[in-house]
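**Student:** Got a structure for you, written out below as structure tokens; questions coming shortly.
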Amino acid sequence: MHEHVNDEILSYVWQGKMYHKDLAGFEKPISAGNLMMMNAGSSFWHEEKVKEDSVEMLQIFIRPYKKELEPIIQFHDKPKRNKDWYLLAGPVGSDTPLRIRQNVFILDAHPRKGERFEIPVYDGYKPFLYVLNGEIQIDDIMITKQEALTDLENPIPPATAKTDTTIILFFVDMNAKVTLAGTISGR
């Protein structure tokens, strides 16, 4: 078991299975299509284990707008390989399955080889596109596994999947209030 304080943490498993357990006695396996959001707030104790072969996943740490909030844990099951953009998480008060205590929206998509797709626009938010697996092409730029792209001035142009791909898209309010008191997100 280890503690998190003032971190908003989205666990996004791409392959394999990770097992979550917390001090409240809650246990749950997390695999592709299962999302977990830990809003650590003032204190959240948990552990994660890999019991089988391996896990490929992202743990996304986001700085909350304020420290010492109430700790919360959220889970959401989503389609595993959605072709179109799927809204995973967003600010408290937004119509999203998981809530983040920050002005951030997170989406994913799984375009197939050869499919062309548009990158949405969220007014007032800046995009950050991450290729978790596969590769995409935007104009003459190839973005491959574990690479990212942003444009702080203009919308990101349409893209083409060069292979079956998993992409994560973040929209961030660059002027949002933030605390730097997080165990990990504040460093």
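Naming scheme: A, B, ... for chains in displayed order of the structure tokens; residues 1 onward per chain; ligands 1 onward as shown.
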Could you list, as a VMD selection string, every residue within 10 Å of Ser31 in chain A, counting only C-alpha atoms and ignoring same-chain residues fewer than 6 positions away?
**Tutor:** chain A and resid 11 to 19 55 to 57 77 80
**Student:** Using only N, CA and C atoms, please write the residues we just selected to a file, as a PDB file, in the first residue's frame.
**Tutor:**
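What ended up in result14.pdb:
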ATOM      1  N   SER A  11      -6.337   5.753 -14.508  1.00  0.00           N
ATOM      2  CA  SER A  11      -5.662   4.524 -14.934  1.00  0.00           C
ATOM      3  C   SER A  11      -6.361   4.011 -16.184  1.00  0.00           C
ATOM      4  N   TYR A  12      -5.594   3.922 -17.282  1.00  0.00           N
ATOM      5  CA  TYR A  12      -6.102   3.504 -18.586  1.00  0.00           C
ATOM      6  C   TYR A  12      -5.274   2.300 -19.038  1.00  0.00           C
ATOM      7  N   VAL A  13      -5.854   1.107 -18.907  1.00  0.00           N
ATOM      8  CA  VAL A  13      -5.158  -0.116 -19.273  1.00  0.00           C
ATOM      9  C   VAL A  13      -5.409  -0.400 -20.751  1.00  0.00           C
ATOM     10  N   TRP A  14      -4.324  -0.649 -21.474  1.00  0.00           N
ATOM     11  CA  TRP A  14      -4.404  -0.971 -22.892  1.00  0.00           C
ATOM     12  C   TRP A  14      -4.364  -2.482 -23.093  1.00  0.00           C
ATOM     13  N   GLN A  15      -3.454  -3.158 -22.406  1.00  0.00           N
ATOM     14  CA  GLN A  15      -3.338  -4.609 -22.501  1.00  0.00           C
ATOM     15  C   GLN A  15      -3.012  -5.184 -21.130  1.00  0.00           C
ATOM     16  N   GLY A  16      -3.530  -6.375 -20.858  1.00  0.00           N
ATOM     17  CA  GLY A  16      -3.268  -7.038 -19.599  1.00  0.00           C
ATOM     18  C   GLY A  16      -4.283  -6.661 -18.537  1.00  0.00           C
ATOM     19  N   LYS A  17      -3.931  -6.951 -17.284  1.00  0.00           N
ATOM     20  CA  LYS A  17      -4.848  -6.695 -16.175  1.00  0.00           C
ATOM     21  C   LYS A  17      -4.052  -6.235 -14.962  1.00  0.00           C
ATOM     22  N   MET A  18      -4.524  -5.160 -14.347  1.00  0.00           N
ATOM     23  CA  MET A  18      -3.939  -4.605 -13.137  1.00  0.00           C
ATOM     24  C   MET A  18      -4.993  -4.759 -12.040  1.00  0.00           C
ATOM     25  N   TYR A  19      -4.543  -5.080 -10.838  1.00  0.00           N
ATOM     26  CA  TYR A  19      -5.466  -5.282  -9.726  1.00  0.00           C
ATOM     27  C   TYR A  19      -5.330  -4.144  -8.727  1.00  0.00           C
ATOM     28  N   VAL A  55       1.328  -5.822 -17.979  1.00  0.00           N
ATOM     29  CA  VAL A  55       0.294  -4.813 -18.214  1.00  0.00           C
ATOM     30  C   VAL A  55       0.914  -3.686 -19.017  1.00  0.00           C
ATOM     31  N   GLU A  56       0.171  -3.193 -19.996  1.00  0.00           N
ATOM     32  CA  GLU A  56       0.562  -1.980 -20.705  1.00  0.00           C
ATOM     33  C   GLU A  56      -0.554  -0.975 -20.456  1.00  0.00           C
ATOM     34  N   MET A  57      -0.184   0.137 -19.820  1.00  0.00           N
ATOM     35  CA  MET A  57      -1.210   1.099 -19.414  1.00  0.00           C
ATOM     36  C   MET A  57      -0.610   2.496 -19.261  1.00  0.00           C
ATOM     37  N   ASP A  77     -16.940   1.492 -17.069  1.00  0.00           N
ATOM     38  CA  ASP A  77     -16.706   0.547 -18.161  1.00  0.00           C
ATOM     39  C   ASP A  77     -17.120   1.202 -19.463  1.00  0.00           C
ATOM     40  N   LYS A  80     -14.406  -1.280 -25.606  1.00  0.00           N
ATOM     41  CA  LYS A  80     -12.966  -1.555 -25.649  1.00  0.00           C
ATOM     42  C   LYS A  80     -12.283  -0.949 -26.863  1.00  0.00           C
TER      43      LYS A  80
END
**Student:** Go through range 34-153 of chain A and flag each residue having an atom no more than 7 Å from range 164-184 of chain A; for those, report the closest pair of atoms plus their distance in Å to one decimal, using only C-alpha atoms, ordered by chain and rising number, as JSON lines.
**Tutor:**
{"residue": "A:Arg63", "atom": "CA", "partner": "A:Val178", "partner_atom": "CA", "distance": 6.2}
{"residue": "A:Pro64", "atom": "CA", "partner": "A:Val178", "partner_atom": "CA", "distance": 5.8}
{"residue": "A:Tyr65", "atom": "CA", "partner": "A:Val178", "partner_atom": "CA", "distance": 4.1}
{"residue": "A:Lys66", "atom": "CA", "partner": "A:Thr179", "partner_atom": "CA", "distance": 5.4}
{"residue": "A:Lys67", "atom": "CA", "partner": "A:Thr179", "partner_atom": "CA", "distance": 6.1}
{"residue": "A:Asn103", "atom": "CA", "partner": "A:Asp173", "partner_atom": "CA", "distance": 5.6}
{"residue": "A:Val104", "atom": "CA", "partner": "A:Val172", "partner_atom": "CA", "distance": 4.7}
{"residue": "A:Phe105", "atom": "CA", "partner": "A:Phe171", "partner_atom": "CA", "distance": 5.1}
{"residue": "A:Ile106", "atom": "CA", "partner": "A:Phe170", "partner_atom": "CA", "distance": 4.6}
{"residue": "A:Leu107", "atom": "CA", "partner": "A:Leu169", "partner_atom": "CA", "distance": 5.1}
{"residue": "A:Asp108", "atom": "CA", "partner": "A:Ile168", "partner_atom": "CA", "distance": 4.5}
{"residue": "A:Ala109", "atom": "CA", "partner": "A:Ile167", "partner_atom": "CA", "distance": 5.5}
{"residue": "A:His110", "atom": "CA", "partner": "A:Thr166", "partner_atom": "CA", "distance": 4.5}
{"residue": "A:Pro111", "atom": "CA", "partner": "A:Thr165", "partner_atom": "CA", "distance": 5.6}
{"residue": "A:Arg112", "atom": "CA", "partner": "A:Asp164", "partner_atom": "CA", "distance": 4.2}
{"residue": "A:Lys113", "atom": "CA", "partner": "A:Asp164", "partner_atom": "CA", "distance": 4.7}
{"residue": "A:Tyr122", "atom": "CA", "partner": "A:Phe171", "partner_atom": "CA", "distance": 6.9}
{"residue": "A:Gly124", "atom": "CA", "partner": "A:Asp173", "partner_atom": "CA", "distance": 6.6}
{"residue": "A:Tyr125", "atom": "CA", "partner": "A:Asp173", "partner_atom": "CA", "distance": 4.7}
{"residue": "A:Lys126", "atom": "CA", "partner": "A:Val172", "partner_atom": "CA", "distance": 5.2}
{"residue": "A:Pro127", "atom": "CA", "partner": "A:Phe171", "partner_atom": "CA", "distance": 4.6}
{"residue": "A:Phe128", "atom": "CA", "partner": "A:Phe170", "partner_atom": "CA", "distance": 5.0}
{"residue": "A:Leu129", "atom": "CA", "partner": "A:Leu169", "partner_atom": "CA", "distance": 4.6}
{"residue": "A:Tyr130", "atom": "CA", "partner": "A:Ile168", "partner_atom": "CA", "distance": 5.2}
{"residue": "A:Val131", "atom": "CA", "partner": "A:Ile167", "partner_atom": "CA", "distance": 4.6}
{"residue": "A:Leu132", "atom": "CA", "partner": "A:Thr166", "partner_atom": "CA", "distance": 5.5}
{"residue": "A:Asn133", "atom": "CA", "partner": "A:Thr166", "partner_atom": "CA", "distance": 5.1}
{"residue": "A:Gly134", "atom": "CA", "partner": "A:Thr165", "partner_atom": "CA", "distance": 4.2}
{"residue": "A:Glu135", "atom": "CA", "partner": "A:Thr165", "partner_atom": "CA", "distance": 6.1}
**Student:** Point out the residue among A:Ser43, A:Ile72, A:Val121, A:Glu52 with the least atom-to-atom distance to Asp151 in chain A, counting only C-alpha atoms.
**Tutor:**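 Counting only C-alpha atoms, the residue closest to Asp151 in chain A is A:Val121.
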**Student:** Could you please determine the separation between CA of Pro71 in chain A and CA of Glu3 in chain A in Å, to one decimal place?
**Tutor:**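 CA of Glu3 in chain A lies at a distance of 11.4 Å from CA of Pro71 in chain A.
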**Student:** Among range 120-169 of chain A, which residues does DSSP mark as strand (DSSP E or B) when it is run on the backbone? Keep the chain and numbering as in the structure and answer as JSON, numbers by chain.
**Tutor:** {"A": [126, 127, 128, 129, 130, 131, 132, 133, 135, 136, 137, 138, 141, 142, 143, 144, 148, 149, 150, 159, 160, 161, 166, 167, 168, 169]}
**Student:** Okay, now the selection with N, CA and C atoms, as a PDB file, in the first residue's frame?
**Tutor:**
ATOM      1  N   LYS A 126      -6.754  23.694 -24.991  1.00  0.00           N
ATOM      2  CA  LYS A 126      -5.658  23.344 -25.898  1.00  0.00           C
ATOM      3  C   LYS A 126      -5.557  21.823 -26.003  1.00  0.00           C
ATOM      4  N   PRO A 127      -5.346  21.292 -27.222  1.00  0.00           N
ATOM      5  CA  PRO A 127      -5.284  19.841 -27.399  1.00  0.00           C
ATOM      6  C   PRO A 127      -3.885  19.281 -27.171  1.00  0.00           C
ATOM      7  N   PHE A 128      -3.851  18.039 -26.720  1.00  0.00           N
ATOM      8  CA  PHE A 128      -2.615  17.271 -26.597  1.00  0.00           C
ATOM      9  C   PHE A 128      -2.977  15.848 -26.998  1.00  0.00           C
ATOM     10  N   LEU A 129      -2.462  15.387 -28.131  1.00  0.00           N
ATOM     11  CA  LEU A 129      -2.809  14.090 -28.711  1.00  0.00           C
ATOM     12  C   LEU A 129      -1.669  13.107 -28.460  1.00  0.00           C
ATOM     13  N   TYR A 130      -1.978  11.966 -27.850  1.00  0.00           N
ATOM     14  CA  TYR A 130      -0.979  10.957 -27.498  1.00  0.00           C
ATOM     15  C   TYR A 130      -1.318   9.640 -28.186  1.00  0.00           C
ATOM     16  N   VAL A 131      -0.349   9.050 -28.875  1.00  0.00           N
ATOM     17  CA  VAL A 131      -0.534   7.750 -29.516  1.00  0.00           C
ATOM     18  C   VAL A 131      -0.078   6.681 -28.521  1.00  0.00           C
ATOM     19  N   LEU A 132      -1.042   5.967 -27.975  1.00  0.00           N
ATOM     20  CA  LEU A 132      -0.728   4.910 -27.013  1.00  0.00           C
ATOM     21  C   LEU A 132      -0.195   3.676 -27.735  1.00  0.00           C
ATOM     22  N   ASN A 133      -0.795   3.371 -28.870  1.00  0.00           N
ATOM     23  CA  ASN A 133      -0.378   2.204 -29.633  1.00  0.00           C
ATOM     24  C   ASN A 133      -0.699   2.445 -31.110  1.00  0.00           C
ATOM     25  N   GLU A 135       0.138   3.923 -35.096  1.00  0.00           N
ATOM     26  CA  GLU A 135       0.707   5.151 -35.652  1.00  0.00           C
ATOM     27  C   GLU A 135      -0.321   5.864 -36.514  1.00  0.00           C
ATOM     28  N   ILE A 136      -0.224   7.183 -36.498  1.00  0.00           N
ATOM     29  CA  ILE A 136      -1.112   8.031 -37.296  1.00  0.00           C
ATOM     30  C   ILE A 136      -0.271   9.020 -38.090  1.00  0.00           C
ATOM     31  N   GLN A 137      -0.883   9.559 -39.134  1.00  0.00           N
ATOM     32  CA  GLN A 137      -0.218  10.580 -39.932  1.00  0.00           C
ATOM     33  C   GLN A 137      -1.110  11.813 -39.982  1.00  0.00           C
ATOM     34  N   ILE A 138      -0.504  12.961 -39.702  1.00  0.00           N
ATOM     35  CA  ILE A 138      -1.181  14.257 -39.806  1.00  0.00           C
ATOM     36  C   ILE A 138      -0.342  15.095 -40.757  1.00  0.00           C
ATOM     37  N   ILE A 141       3.465  14.606 -41.052  1.00  0.00           N
ATOM     38  CA  ILE A 141       4.051  14.205 -39.766  1.00  0.00           C
ATOM     39  C   ILE A 141       3.525  12.825 -39.378  1.00  0.00           C
ATOM     40  N   MET A 142       4.429  11.896 -39.088  1.00  0.00           N
ATOM     41  CA  MET A 142       4.068  10.570 -38.603  1.00  0.00           C
ATOM     42  C   MET A 142       4.246  10.564 -37.090  1.00  0.00           C
ATOM     43  N   ILE A 143       3.192  10.161 -36.366  1.00  0.00           N
ATOM     44  CA  ILE A 143       3.241  10.078 -34.911  1.00  0.00           C
ATOM     45  C   ILE A 143       3.061   8.610 -34.557  1.00  0.00           C
ATOM     46  N   THR A 144       4.053   8.037 -33.878  1.00  0.00           N
ATOM     47  CA  THR A 144       4.033   6.610 -33.582  1.00  0.00           C
ATOM     48  C   THR A 144       3.841   6.367 -32.092  1.00  0.00           C
ATOM     49  N   ALA A 148       3.586  12.167 -29.066  1.00  0.00           N
ATOM     50  CA  ALA A 148       2.464  13.082 -28.875  1.00  0.00           C
ATOM     51  C   ALA A 148       2.601  14.284 -29.791  1.00  0.00           C
ATOM     52  N   LEU A 149       1.500  15.007 -29.931  1.00  0.00           N
ATOM     53  CA  LEU A 149       1.446  16.188 -30.780  1.00  0.00           C
ATOM     54  C   LEU A 149       0.493  17.191 -30.146  1.00  0.00           C
ATOM     55  N   THR A 150       0.842  18.466 -30.257  1.00  0.00           N
ATOM     56  CA  THR A 150      -0.061  19.524 -29.833  1.00  0.00           C
ATOM     57  C   THR A 150       0.094  20.695 -30.777  1.00  0.00           C
ATOM     58  N   ALA A 159      -6.438  13.377 -39.275  1.00  0.00           N
ATOM     59  CA  ALA A 159      -5.360  12.383 -39.265  1.00  0.00           C
ATOM     60  C   ALA A 159      -5.830  11.110 -39.963  1.00  0.00           C
ATOM     61  N   THR A 160      -4.856  10.288 -40.330  1.00  0.00           N
ATOM     62  CA  THR A 160      -5.124   8.977 -40.912  1.00  0.00           C
ATOM     63  C   THR A 160      -4.380   7.929 -40.088  1.00  0.00           C
ATOM     64  N   ALA A 161      -5.083   6.860 -39.720  1.00  0.00           N
ATOM     65  CA  ALA A 161      -4.450   5.758 -39.002  1.00  0.00           C
ATOM     66  C   ALA A 161      -3.636   4.941 -39.997  1.00  0.00           C
ATOM     67  N   THR A 166      -4.542   3.169 -31.050  1.00  0.00           N
ATOM     68  CA  THR A 166      -5.240   3.680 -29.870  1.00  0.00           C
ATOM     69  C   THR A 166      -4.658   5.046 -29.563  1.00  0.00           C
ATOM     70  N   ILE A 167      -5.528   6.063 -29.510  1.00  0.00           N
ATOM     71  CA  ILE A 167      -5.083   7.424 -29.244  1.00  0.00           C
ATOM     72  C   ILE A 167      -5.860   8.015 -28.071  1.00  0.00           C
ATOM     73  N   ILE A 168      -5.159   8.823 -27.299  1.00  0.00           N
ATOM     74  CA  ILE A 168      -5.759   9.536 -26.177  1.00  0.00           C
ATOM     75  C   ILE A 168      -5.637  11.021 -26.489  1.00  0.00           C
ATOM     76  N   LEU A 169      -6.716  11.752 -26.287  1.00  0.00           N
ATOM     77  CA  LEU A 169      -6.747  13.179 -26.595  1.00  0.00           C
ATOM     78  C   LEU A 169      -7.130  13.944 -25.333  1.00  0.00           C
TER      79      LEU A 169
END
**Student:** Which is closest to Glu115 in chain A among A:Glu70, A:Asp84, A:Glu8, A:Glu153, if we use only C-alpha atoms?
**Tutor:**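 Under the stated criterion, the closest residue is A:Asp84.
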**Student:** Could you please determine the separation between CA of Ile62 in chain A and CA of Asn82 in chain A in Å, to one decimal place?
**Tutor:**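 Distance between the two atoms: 24.1 Å.
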**Student:** Rank nothing, just name the residue among A:Asp123, A:Ile73, A:Asn39, A:Val92 nearest to Phe26 in chain A, using only C-alpha atoms.
**Tutor:**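 The shortest atom-to-atom distance to Phe26 in chain A comes from A:Ile73.
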